[in-house]
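What follows is a set of notes on a single structure, which appears directly below.
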Amino acid sequence: MSLSPLFNAYPALQKRIPLADIPGQQIPTPVTHSLDTPQLWLKHDDLTNAVYGGNKSRKLALIFGKMQAEGKNRLLTFGGTGTNHGVACAVHSKALGIDCEILLFDQPESESVRKNRQVMQRYGATLRYSGSLLNTVLRFYTLQIRDRLLRRKQTEYLFAGGSSLQGVIAFIDAVFELREQIERGECPLPETIICPVGSSATLAGLTLGVALAGLPSRVIGVRVAPTYLGPFPACTVATVKQLMQQTQQYLLRLQGGIPPFNIPQPVLLDQYYGEGYGVASAAGNQAEQWFRKQRWADGLTVQSECTYTAKALAALRDELATASGPVLYWHTLNSVQGIYSEAEAV
Ligand SMILES: *Cc1c(COP(=O)(O)O)cnc(C)c1O
């Protein structure tokens with residue numbers, strides 16, 4: 001596996017942050033720009049992996065790396081019935097010989113939800129329907145505590161969306177990757193970087209990464225998940241900031257040469273969320289139609305869906321209306337379709 005850009009910047013980190021060699025991984029991901037909308041750039045994290053891309057596959061290289069280093073052979077995680085994270089876990093776990101179990105919470109049914117569920121099954125993940133999001137989270141923590149009490153150590157308990165220190169570091173690394181692309185002239189310095197926000201690791205990592213890499217870009221997260229799970233804050237400026245602080249402390253403890261740096265205030269937009277997680281919004285639908293008409297300089301086609309992408313695209317359009325410089329959309333949604341056609345054939 002090629003050296004990660006974060007390790008290029010901080011060589012001593014390399015021994016301290018293990019990366020799994022996931023089959024099909026293709027990082028760095030390219031950048032491109034729209035032929036129709038001046039100032040619109042796109043970071044192709046839809047292509048992080050040739051079998052199944054998206055932002056989860058970027059996180060999983062570090063998450064599986066940690067598991068392998070700790071000798072764990074089982075992964076337990078959770079997500080909505082159409083979870084992209086679950087698909088990434090199922091597909092890449094199978095390739096690496098890891099057992100994968102996914103607790104599923106109810107999410108509005110749609111074509112992409114149905115297809116994702118089929119793929120998780122087809123790739124041999126154990127699926128357990130657990131009702132509401134809150135119930136599912138409680139079940140996740142109950143199982144984790146039971147394992148701890150029984151001193152069972154073979155299972156990695158991974159929060160929804162792959163939100164973890166490793167997940168955040170993957171996106172710090174991603175900013176160093178972008179910085180190399182800017183330095184090579186493949187892409188201009190973005191005035192703003194926009195991404196959807198679910199479990200927050202992507203936003204936390206991009207915001208930390210921009211600060212550490214010294215880029216003047218502003219990172220904007222668009223919230224697509226509920227702020228609270230029952231009584232617990234889940235997706236707020238405070239929870240994102242906490243994740244950033246934990247990750248920074250972890251990185252400083254690793255003593256890989258990273259200097260102390262100021263943690264910026266994360267930017268999290270609330271007004272595009274609409275009626276709920278996975279519930280399509282009118283503004284999102286319109287933005288999706290606009291996005292599908294874009295022609296990209298590299299000639300590639302990108303996908304969209306209503307849970308994450310459409311809502312972030314609505315914010316992207318509003319940002320483009322007032323931007324005075326390049327706006328980079330961080331495309332977090334897988335666009336590799338092969339696993340879906342196989343699933344159809346079963
Ligand atoms: C999971 C997901 C996100 C959210 O990323 P987080 O790091 O969990 O905030 C955004 N877009 C897509 C397509 C996703 O599947």
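In the structure tokens, chains take the letters A, B, ... in the order shown, each chain's residues start at 1, and ligands count up from 1 in the order shown.
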
Give me the residues within 6 Å of A:Thr81 as a PDB file with N, CA, C and O atoms, in the first residue's frame, counting only C-alpha atoms and dropping any in the same chain fewer than 6 places off.
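Saved the output as selection30.pdb:
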```pdb
ATOM      1  N   LEU A 104     -29.508  -3.245  12.802  1.00  0.00           N
ATOM      2  CA  LEU A 104     -30.166  -2.292  11.902  1.00  0.00           C
ATOM      3  C   LEU A 104     -31.312  -1.580  12.597  1.00  0.00           C
ATOM      4  O   LEU A 104     -32.126  -2.209  13.277  1.00  0.00           O
ATOM      5  N   PHE A 105     -31.369  -0.261  12.427  1.00  0.00           N
ATOM      6  CA  PHE A 105     -32.533   0.484  12.918  1.00  0.00           C
ATOM      7  C   PHE A 105     -33.405   0.901  11.737  1.00  0.00           C
ATOM      8  O   PHE A 105     -32.944   0.979  10.595  1.00  0.00           O
ATOM      9  N   ASP A 106     -34.684   1.153  12.027  1.00  0.00           N
ATOM     10  CA  ASP A 106     -35.657   1.469  10.979  1.00  0.00           C
ATOM     11  C   ASP A 106     -35.312   2.772  10.281  1.00  0.00           C
ATOM     12  O   ASP A 106     -34.918   3.744  10.925  1.00  0.00           O
ATOM     13  N   GLN A 107     -35.464   2.753   8.989  1.00  0.00           N
ATOM     14  CA  GLN A 107     -35.197   3.917   8.144  1.00  0.00           C
ATOM     15  C   GLN A 107     -36.244   3.861   7.035  1.00  0.00           C
ATOM     16  O   GLN A 107     -36.628   2.767   6.621  1.00  0.00           O
TER      17      GLN A 107
END
```

| field | Picked from stretch 76-321 of chain A by DSSP as helix (DSSP H, G or I), as a PyMOL selection string | value | chain A and resi 84-96+111-122+133-149+160-162+165-183+201-213+237-254+282-293+309-321

Could you make a table, as JSON lines, of the residues of chain A that have an atom within 7 Å of an atom of ligand 1, each with its nearest atom pair and distance in Å to one decimal, counting only C-alpha atoms and all ligand atoms, in chain and number order?
```
{"residue": "A:Gly54", "atom": "CA", "partner": "ligand 1", "partner_atom_place_in_ligand_line": "13 (C)", "distance": 6.4}
{"residue": "A:Asn55", "atom": "CA", "partner": "ligand 1", "partner_atom_place_in_ligand_line": "14 (C)", "distance": 6.4}
{"residue": "A:Lys56", "atom": "CA", "partner": "ligand 1", "partner_atom_place_in_ligand_line": "1 (C)", "distance": 6.4}
{"residue": "A:Thr83", "atom": "CA", "partner": "ligand 1", "partner_atom_place_in_ligand_line": "15 (O)", "distance": 6.9}
{"residue": "A:Asn84", "atom": "CA", "partner": "ligand 1", "partner_atom_place_in_ligand_line": "15 (O)", "distance": 4.7}
{"residue": "A:His85", "atom": "CA", "partner": "ligand 1", "partner_atom_place_in_ligand_line": "1 (C)", "distance": 5.9}
{"residue": "A:Gly161", "atom": "CA", "partner": "ligand 1", "partner_atom_place_in_ligand_line": "8 (O)", "distance": 4.3}
{"residue": "A:Gly162", "atom": "CA", "partner": "ligand 1", "partner_atom_place_in_ligand_line": "8 (O)", "distance": 6.7}
{"residue": "A:Ser163", "atom": "CA", "partner": "ligand 1", "partner_atom_place_in_ligand_line": "8 (O)", "distance": 6.2}
{"residue": "A:Cys195", "atom": "CA", "partner": "ligand 1", "partner_atom_place_in_ligand_line": "10 (C)", "distance": 7.0}
{"residue": "A:Pro196", "atom": "CA", "partner": "ligand 1", "partner_atom_place_in_ligand_line": "10 (C)", "distance": 4.8}
{"residue": "A:Val197", "atom": "CA", "partner": "ligand 1", "partner_atom_place_in_ligand_line": "9 (O)", "distance": 3.8}
{"residue": "A:Gly198", "atom": "CA", "partner": "ligand 1", "partner_atom_place_in_ligand_line": "9 (O)", "distance": 3.6}
{"residue": "A:Ser199", "atom": "CA", "partner": "ligand 1", "partner_atom_place_in_ligand_line": "8 (O)", "distance": 3.5}
{"residue": "A:Ser200", "atom": "CA", "partner": "ligand 1", "partner_atom_place_in_ligand_line": "9 (O)", "distance": 3.4}
{"residue": "A:Ala201", "atom": "CA", "partner": "ligand 1", "partner_atom_place_in_ligand_line": "7 (O)", "distance": 3.9}
{"residue": "A:Thr202", "atom": "CA", "partner": "ligand 1", "partner_atom_place_in_ligand_line": "7 (O)", "distance": 3.7}
{"residue": "A:Leu203", "atom": "CA", "partner": "ligand 1", "partner_atom_place_in_ligand_line": "9 (O)", "distance": 6.2}
{"residue": "A:Tyr308", "atom": "CA", "partner": "ligand 1", "partner_atom_place_in_ligand_line": "11 (N)", "distance": 4.9}
{"residue": "A:Thr309", "atom": "CA", "partner": "ligand 1", "partner_atom_place_in_ligand_line": "13 (C)", "distance": 6.0}
{"residue": "A:Thr332", "atom": "CA", "partner": "ligand 1", "partner_atom_place_in_ligand_line": "11 (N)", "distance": 4.5}
{"residue": "A:Leu333", "atom": "CA", "partner": "ligand 1", "partner_atom_place_in_ligand_line": "13 (C)", "distance": 3.5}
{"residue": "A:Asn334", "atom": "CA", "partner": "ligand 1", "partner_atom_place_in_ligand_line": "13 (C)", "distance": 6.7}
```

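With only C-alpha atoms as the atoms that count, the residue of A:Val222, A:Leu143, A:Leu103, A:Leu47 with the shortest distance to A:Tyr129 is A:Leu103.
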
| said: I'd like the contact shell of A:Arg58 - 9 Å cut-off, only C-alpha atoms, skipping same-chain residues fewer than 5 positions apart - returned as a ChimeraX atom specification. | reply: /A:25,27,45,48-49,53,167,170-171,174

Take the residues just selected and output them with all heavy atoms as a PDB file, in the first residue's frame.
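The result, written out as part.pdb:
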```pdb
ATOM      1  N   GLN A  25      -8.707  -1.086  -2.864  1.00  0.00           N
ATOM      2  CA  GLN A  25      -8.587   0.295  -2.373  1.00  0.00           C
ATOM      3  C   GLN A  25      -7.851   1.145  -3.408  1.00  0.00           C
ATOM      4  O   GLN A  25      -6.831   0.722  -3.958  1.00  0.00           O
ATOM      5  CB  GLN A  25      -7.831   0.273  -1.030  1.00  0.00           C
ATOM      6  CG  GLN A  25      -8.124   1.458  -0.139  1.00  0.00           C
ATOM      7  CD  GLN A  25      -9.445   1.354   0.624  1.00  0.00           C
ATOM      8  OE1 GLN A  25     -10.304   0.549   0.289  1.00  0.00           O
ATOM      9  NE2 GLN A  25      -9.626   2.179   1.636  1.00  0.00           N
ATOM     10  N   ILE A  27      -6.831   4.869  -3.190  1.00  0.00           N
ATOM     11  CA  ILE A  27      -6.628   6.180  -2.590  1.00  0.00           C
ATOM     12  C   ILE A  27      -5.200   6.593  -2.937  1.00  0.00           C
ATOM     13  O   ILE A  27      -4.310   5.740  -2.847  1.00  0.00           O
ATOM     14  CB  ILE A  27      -6.829   6.084  -1.060  1.00  0.00           C
ATOM     15  CG1 ILE A  27      -8.324   5.814  -0.780  1.00  0.00           C
ATOM     16  CG2 ILE A  27      -6.370   7.337  -0.338  1.00  0.00           C
ATOM     17  CD1 ILE A  27      -8.663   5.548   0.673  1.00  0.00           C
ATOM     18  N   ASP A  45     -14.455  10.899  -3.497  1.00  0.00           N
ATOM     19  CA  ASP A  45     -14.430   9.818  -2.507  1.00  0.00           C
ATOM     20  C   ASP A  45     -15.514   8.776  -2.787  1.00  0.00           C
ATOM     21  O   ASP A  45     -15.636   7.798  -2.060  1.00  0.00           O
ATOM     22  CB  ASP A  45     -14.522  10.365  -1.076  1.00  0.00           C
ATOM     23  CG  ASP A  45     -13.142  10.560  -0.459  1.00  0.00           C
ATOM     24  OD1 ASP A  45     -12.159  10.629  -1.235  1.00  0.00           O
ATOM     25  OD2 ASP A  45     -13.026  10.645   0.780  1.00  0.00           O
ATOM     26  N   THR A  48     -13.190   5.571  -3.529  1.00  0.00           N
ATOM     27  CA  THR A  48     -12.113   5.157  -2.625  1.00  0.00           C
ATOM     28  C   THR A  48     -11.734   3.684  -2.789  1.00  0.00           C
ATOM     29  O   THR A  48     -10.642   3.279  -2.391  1.00  0.00           O
ATOM     30  CB  THR A  48     -12.516   5.372  -1.154  1.00  0.00           C
ATOM     31  OG1 THR A  48     -13.820   4.798  -0.979  1.00  0.00           O
ATOM     32  CG2 THR A  48     -12.568   6.851  -0.791  1.00  0.00           C
ATOM     33  N   ASN A  49     -12.667   2.898  -3.327  1.00  0.00           N
ATOM     34  CA  ASN A  49     -12.415   1.459  -3.480  1.00  0.00           C
ATOM     35  C   ASN A  49     -13.118   0.978  -4.749  1.00  0.00           C
ATOM     36  O   ASN A  49     -14.245   1.399  -5.023  1.00  0.00           O
ATOM     37  CB  ASN A  49     -12.935   0.711  -2.242  1.00  0.00           C
ATOM     38  CG  ASN A  49     -12.606  -0.767  -2.275  1.00  0.00           C
ATOM     39  OD1 ASN A  49     -13.202  -1.535  -3.029  1.00  0.00           O
ATOM     40  ND2 ASN A  49     -11.644  -1.173  -1.468  1.00  0.00           N
ATOM     41  N   GLY A  53     -16.926   2.058  -2.942  1.00  0.00           N
ATOM     42  CA  GLY A  53     -16.221   3.272  -2.511  1.00  0.00           C
ATOM     43  C   GLY A  53     -16.999   4.027  -1.457  1.00  0.00           C
ATOM     44  O   GLY A  53     -17.726   3.454  -0.658  1.00  0.00           O
ATOM     45  N   GLY A 167     -11.551   6.654  12.169  1.00  0.00           N
ATOM     46  CA  GLY A 167     -12.362   7.265  11.116  1.00  0.00           C
ATOM     47  C   GLY A 167     -12.030   8.741  10.934  1.00  0.00           C
ATOM     48  O   GLY A 167     -11.954   9.245   9.804  1.00  0.00           O
ATOM     49  N   ALA A 170      -8.601   9.166   9.327  1.00  0.00           N
ATOM     50  CA  ALA A 170      -8.651   8.898   7.883  1.00  0.00           C
ATOM     51  C   ALA A 170      -8.955  10.180   7.111  1.00  0.00           C
ATOM     52  O   ALA A 170      -8.439  10.384   6.004  1.00  0.00           O
ATOM     53  CB  ALA A 170      -9.707   7.832   7.589  1.00  0.00           C
ATOM     54  N   PHE A 171      -9.778  11.045   7.689  1.00  0.00           N
ATOM     55  CA  PHE A 171     -10.128  12.282   6.982  1.00  0.00           C
ATOM     56  C   PHE A 171      -9.139  13.422   7.243  1.00  0.00           C
ATOM     57  O   PHE A 171      -9.071  14.355   6.442  1.00  0.00           O
ATOM     58  CB  PHE A 171     -11.588  12.665   7.231  1.00  0.00           C
ATOM     59  CG  PHE A 171     -12.464  11.893   6.282  1.00  0.00           C
ATOM     60  CD1 PHE A 171     -12.956  10.655   6.623  1.00  0.00           C
ATOM     61  CD2 PHE A 171     -12.673  12.372   5.009  1.00  0.00           C
ATOM     62  CE1 PHE A 171     -13.685   9.900   5.711  1.00  0.00           C
ATOM     63  CE2 PHE A 171     -13.382  11.637   4.083  1.00  0.00           C
ATOM     64  CZ  PHE A 171     -13.898  10.398   4.435  1.00  0.00           C
ATOM     65  N   ALA A 174      -6.981  12.567   4.564  1.00  0.00           N
ATOM     66  CA  ALA A 174      -7.590  12.962   3.289  1.00  0.00           C
ATOM     67  C   ALA A 174      -7.296  14.420   2.954  1.00  0.00           C
ATOM     68  O   ALA A 174      -7.139  14.780   1.782  1.00  0.00           O
ATOM     69  CB  ALA A 174      -9.102  12.714   3.341  1.00  0.00           C
TER      70      ALA A 174
END
```

| said: Just the number, please: distance in Å from atom CA of A:Leu243 to atom CA of A:Gln303, one decimal. | reply: 28.8 Å

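For the choices A:Leu75, A:Leu206, A:Leu212, A:Cys100, the atom-to-atom distance to A:Thr126 is smallest for A:Cys100 when using only C-alpha atoms.
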
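If only C-alpha atoms are the atoms counted, then among A:Leu133, A:Leu300, A:Ile145, A:Leu269 the closest residue to A:Gly80 is A:Leu133.
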
| query | Can you list, as a PyMOL selection string, every protein, DNA or RNA residue that comes within 7 Å of A:Thr77 when you count only C-alpha atoms, leaving out same-chain residues fewer than 5 positions away? | reply | chain A and resi 101-103+157-160

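Ranking A:Gly79, A:Asp36, A:Ile63, A:Ala88 by their shortest atom-to-atom distance to A:Phe140, with only C-alpha atoms included, puts A:Gly79 first.
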
| field | Contacts of A:Lys311 within 9 Å, only C-alpha atoms, excl. fewer than 2 positions in-chain, as a PyMOL selection string | value | chain A and resi 196+222-224+272-274+280-281+283-285+287-288+306-309+313-316
